[in-house]
Amino acid sequence: MKPKAFYYERPASLEEAGTLLSEQGVFSKVVAGSQSLGPMLNLRLAQPDLLIDVTGIPEMTLVEADRNSVNIGACITHANIEDGRIEDPSRGLLAKVAGGIAYRAVRNRGTIGGSLAHADPAADWISVLPLLDAELVVCSPRGTRIIAAGDLMVSSFTTTLESDELIQSVRVPKLSSLARWGFCKFCQKAGEFAHAIGAVLHDPELEVFRAVIGAIESPPIMVADAAILFGGKSDADFATEIDEEMIRSLLSDQNITDIYLRKLSFVALKRAALEACAT
């Protein structure tokens with residue numbers, strides 16, 4: 001199929017983009033890499049009146065670092081992160097995640113901000129950035145606000161963004177030299193959507209021990225104190241104490257009752273924990 005006819009604008013500033021997004025009576029969609037929106041347009045699952053291409057806005061591709069964090073422009077591609085073209089605050093986690101997203105052709109154009117705004121529950125960034133306690137800088141004609149990455153997704157393909165808001169950048173805190181992490185994703189074959197995601201982050205210097213279970217058809221399950229999943233342990237071999245019953249209970253709270261998906265999520269998290277312990 002072909003998309004429904006639409007108008008196209010490529011604003012040169014955040015202010016211009018905000019004006020276009022806030023135009024009354026016009027159904028607008030923001031486009032950057034178009035790796036998710038493009039197929040939806042062709043299938044007519046999305047039928048916007050106006051496409052707003054934000055790749056010409058300088059702030060959207062800006063990367064700035066300070067002592068505590070790195071601010072990554074929303075139009076930075078997965079490939080740029082994978083290839084280490086930006087400063088990495090995560091000691092390798094961002095690069096590993098980026099390198100496992102779809103295929104290289106997709107990573108060359110797909111953007112971190114676009115993936116977050118699309119809010120596919122099977123996507124990688126929607127699970128990993130809350131693990132890193134990242135924040136989103138969101139702008140609109142009313143000004144700028146900060147959203148915790150873990151608060152962005154409401155349900156599948158639904159976010160807390162208002163119709164005139166745009167993700168400008170992603171602010172990721174820097175991990176210490178003692179940080180260790182693990183990430184595991186199960187796909188039916190390489191490059192396809194995830195069926196289960198498990199990730200663990202332990203940074204004793206920052207007193208951080210988190211875990212996430214993702215790709216569960218809803219917002220990811222974020223465990224702020226992951227010690228409860230590992231028998232209260234956070235030492236060098238905490239993965240050996242993983243509590244399958246606790247994980248099953250967390251999944252039940254999210255109405256995940258399928259036995260196969262429960263087991264897959266448990267194994268993904270266990271493998272992530274084993275990777276973290278081996279670091």
# chains A, B, ... in the order shown; residues from 1 in each chain; ligands from 1

call {"tool": "residues_around", "arguments": {"residues": "Pro173 (chain A)", "least_positions_apart": "4", "cutoff": "10 Å", "atoms": "only C-alpha atoms", "output": "ChimeraX atom specification"}}
result
/A:65-71,88-90,132-135

call {"tool": "residues_around", "arguments": {"residues": "region 214-219 of chain A", "least_positions_apart": "6", "cutoff": "7 Å", "atoms": "only C-alpha atoms", "output": "PDB file with N, CA and C atoms, in the first residue's frame"}}
result
ATOM      1  N   PRO A 121       6.502  -1.667  23.386  1.00  0.00           N
ATOM      2  CA  PRO A 121       6.968  -2.363  24.602  1.00  0.00           C
ATOM      3  C   PRO A 121       8.093  -3.353  24.333  1.00  0.00           C
ATOM      4  N   ALA A 122       8.252  -3.791  23.069  1.00  0.00           N
ATOM      5  CA  ALA A 122       9.318  -4.732  22.730  1.00  0.00           C
ATOM      6  C   ALA A 122      10.625  -4.032  22.377  1.00  0.00           C
ATOM      7  N   ALA A 123      10.623  -2.691  22.368  1.00  0.00           N
ATOM      8  CA  ALA A 123      11.828  -1.947  22.009  1.00  0.00           C
ATOM      9  C   ALA A 123      12.833  -1.943  23.157  1.00  0.00           C
ATOM     10  N   SER A 127      13.138  -0.036  27.846  1.00  0.00           N
ATOM     11  CA  SER A 127      13.472  -0.827  29.036  1.00  0.00           C
ATOM     12  C   SER A 127      14.793  -0.407  29.662  1.00  0.00           C
ATOM     13  N   MET A 153       6.265   5.815  29.401  1.00  0.00           N
ATOM     14  CA  MET A 153       5.319   4.889  28.777  1.00  0.00           C
ATOM     15  C   MET A 153       4.136   4.622  29.695  1.00  0.00           C
ATOM     16  N   VAL A 154       2.922   4.793  29.158  1.00  0.00           N
ATOM     17  CA  VAL A 154       1.691   4.517  29.895  1.00  0.00           C
ATOM     18  C   VAL A 154       1.201   3.112  29.586  1.00  0.00           C
ATOM     19  N   SER A 155       1.187   2.766  28.311  1.00  0.00           N
ATOM     20  CA  SER A 155       0.815   1.433  27.833  1.00  0.00           C
ATOM     21  C   SER A 155       1.407   1.287  26.440  1.00  0.00           C
ATOM     22  N   SER A 156       1.119   0.198  25.768  1.00  0.00           N
ATOM     23  CA  SER A 156       1.689  -0.023  24.443  1.00  0.00           C
ATOM     24  C   SER A 156       1.419   1.142  23.511  1.00  0.00           C
ATOM     25  N   ALA A 194      11.856  -8.137  20.309  1.00  0.00           N
ATOM     26  CA  ALA A 194      12.153  -8.946  21.486  1.00  0.00           C
ATOM     27  C   ALA A 194      10.907  -9.631  22.018  1.00  0.00           C
ATOM     28  N   HIS A 195      11.101 -10.844  22.511  1.00  0.00           N
ATOM     29  CA  HIS A 195      10.040 -11.557  23.220  1.00  0.00           C
ATOM     30  C   HIS A 195      10.260 -11.510  24.728  1.00  0.00           C
ATOM     31  N   ALA A 196      11.470 -11.155  25.126  1.00  0.00           N
ATOM     32  CA  ALA A 196      11.768 -10.977  26.551  1.00  0.00           C
ATOM     33  C   ALA A 196      13.068 -10.188  26.660  1.00  0.00           C
ATOM     34  N   ILE A 197      13.111  -9.284  27.636  1.00  0.00           N
ATOM     35  CA  ILE A 197      14.314  -8.507  27.925  1.00  0.00           C
ATOM     36  C   ILE A 197      14.571  -8.562  29.423  1.00  0.00           C
ATOM     37  N   GLY A 198      15.806  -8.809  29.782  1.00  0.00           N
ATOM     38  CA  GLY A 198      16.214  -8.753  31.178  1.00  0.00           C
ATOM     39  C   GLY A 198      17.485  -7.923  31.289  1.00  0.00           C
TER      40      GLY A 198
END

call {"tool": "residues_around", "arguments": {"residues": "Pro58 (chain A)", "least_positions_apart": "4", "cutoff": "9 Å", "atoms": "only C-alpha atoms", "output": "CSV table (one decimal) with N, CA and C atoms, in the first residue's frame"}}
result
chain,number,residue,atom,x,y,z
A,12,ALA,N,13.5,24.4,11.3
A,12,ALA,CA,14.9,24.6,11.5
A,12,ALA,C,15.2,24.9,13.0
A,13,SER,N,14.1,25.0,13.8
A,13,SER,CA,14.3,25.3,15.2
A,13,SER,C,13.2,24.6,16.1
A,14,LEU,N,13.5,24.5,17.4
A,14,LEU,CA,12.5,23.9,18.3
A,14,LEU,C,11.2,24.8,18.3
A,62,LEU,N,22.6,17.3,19.2
A,62,LEU,CA,23.7,17.8,20.0
A,62,LEU,C,24.0,16.8,21.2
A,73,GLY,N,21.2,14.1,22.2
A,73,GLY,CA,20.1,14.6,21.4
A,73,GLY,C,19.2,13.5,20.9

call {"tool": "residues_around", "arguments": {"residues": "Arg145 (chain A)", "least_positions_apart": "5", "cutoff": "10 Å", "atoms": "only C-alpha atoms", "output": "PyMOL selection string"}}
result
chain A and resi 136-140+165+167

call {"tool": "residues_around", "arguments": {"residues": "Ala236 (chain A)", "least_positions_apart": "2", "cutoff": "9 Å", "atoms": "only C-alpha atoms", "output": "ChimeraX atom specification"}}
result
/A:233-234,238-239,276-278

call {"tool": "write_last_selection", "arguments": {"atoms": "N, CA, C and O atoms", "output": "PDB file, in the first residue's frame"}}
result
ATOM      1  N   LYS A 233      21.009 -10.361  48.318  1.00  0.00           N
ATOM      2  CA  LYS A 233      22.440 -10.302  48.049  1.00  0.00           C
ATOM      3  C   LYS A 233      22.764  -9.292  46.954  1.00  0.00           C
ATOM      4  O   LYS A 233      21.960  -9.062  46.046  1.00  0.00           O
ATOM      5  N   SER A 234      23.961  -8.727  47.027  1.00  0.00           N
ATOM      6  CA  SER A 234      24.462  -7.879  45.947  1.00  0.00           C
ATOM      7  C   SER A 234      25.965  -8.079  45.800  1.00  0.00           C
ATOM      8  O   SER A 234      26.654  -7.226  45.242  1.00  0.00           O
ATOM      9  N   PHE A 238      25.752 -12.718  43.241  1.00  0.00           N
ATOM     10  CA  PHE A 238      24.332 -12.572  43.592  1.00  0.00           C
ATOM     11  C   PHE A 238      23.419 -13.332  42.633  1.00  0.00           C
ATOM     12  O   PHE A 238      22.311 -13.731  42.995  1.00  0.00           O
ATOM     13  N   ALA A 239      23.852 -13.569  41.390  1.00  0.00           N
ATOM     14  CA  ALA A 239      22.997 -14.223  40.389  1.00  0.00           C
ATOM     15  C   ALA A 239      22.607 -15.633  40.802  1.00  0.00           C
ATOM     16  O   ALA A 239      21.574 -16.152  40.361  1.00  0.00           O
ATOM     17  N   ALA A 276      26.373  -9.704  34.592  1.00  0.00           N
ATOM     18  CA  ALA A 276      26.825  -8.660  35.519  1.00  0.00           C
ATOM     19  C   ALA A 276      27.832  -9.217  36.515  1.00  0.00           C
ATOM     20  O   ALA A 276      28.845  -8.562  36.830  1.00  0.00           O
ATOM     21  N   CYS A 277      27.576 -10.404  37.019  1.00  0.00           N
ATOM     22  CA  CYS A 277      28.483 -11.016  38.005  1.00  0.00           C
ATOM     23  C   CYS A 277      29.822 -11.369  37.393  1.00  0.00           C
ATOM     24  O   CYS A 277      30.851 -11.423  38.102  1.00  0.00           O
ATOM     25  N   ALA A 278      29.834 -11.643  36.087  1.00  0.00           N
ATOM     26  CA  ALA A 278      31.076 -12.040  35.421  1.00  0.00           C
ATOM     27  C   ALA A 278      31.935 -10.851  35.035  1.00  0.00           C
ATOM     28  O   ALA A 278      33.088 -11.010  34.624  1.00  0.00           O
TER      29      ALA A 278
END

call {"tool": "residues_around", "arguments": {"residues": "Leu94 (chain A)", "least_positions_apart": "4", "cutoff": "10 Å", "atoms": "only C-alpha atoms", "output": "short mmCIF file (atom, residue, chain, number, x, y, z; two decimals) with C-alpha atoms, in the first residue's frame"}}
result
data_model
loop_
_atom_site.label_atom_id
_atom_site.label_comp_id
_atom_site.auth_asym_id
_atom_site.auth_seq_id
_atom_site.Cartn_x
_atom_site.Cartn_y
_atom_site.Cartn_z
CA HIS A 78 21.41 3.86 17.20
CA ILE A 81 25.77 5.00 19.86
CA GLU A 82 26.81 1.53 18.71
CA GLY A 84 31.03 4.92 20.06
CA ASP A 88 29.37 6.73 26.80
CA PRO A 89 28.15 7.32 30.37
CA SER A 90 27.15 3.66 30.79
CA ALA A 98 22.25 -0.19 20.32
CA GLY A 99 24.18 -2.87 18.46
CA TRP A 125 15.51 1.78 24.93
CA VAL A 128 17.15 0.08 29.34
CA LEU A 129 16.98 3.84 29.92
CA LEU A 132 20.06 3.82 33.95
CA VAL A 172 21.93 9.67 31.07
#

call {"tool": "closest_residue", "arguments": {"among": "A:Val54, A:Met40, A:Ala190, A:Leu175", "to": "Glu207 (chain A)", "atoms": "only C-alpha atoms"}}
result
A:Leu175
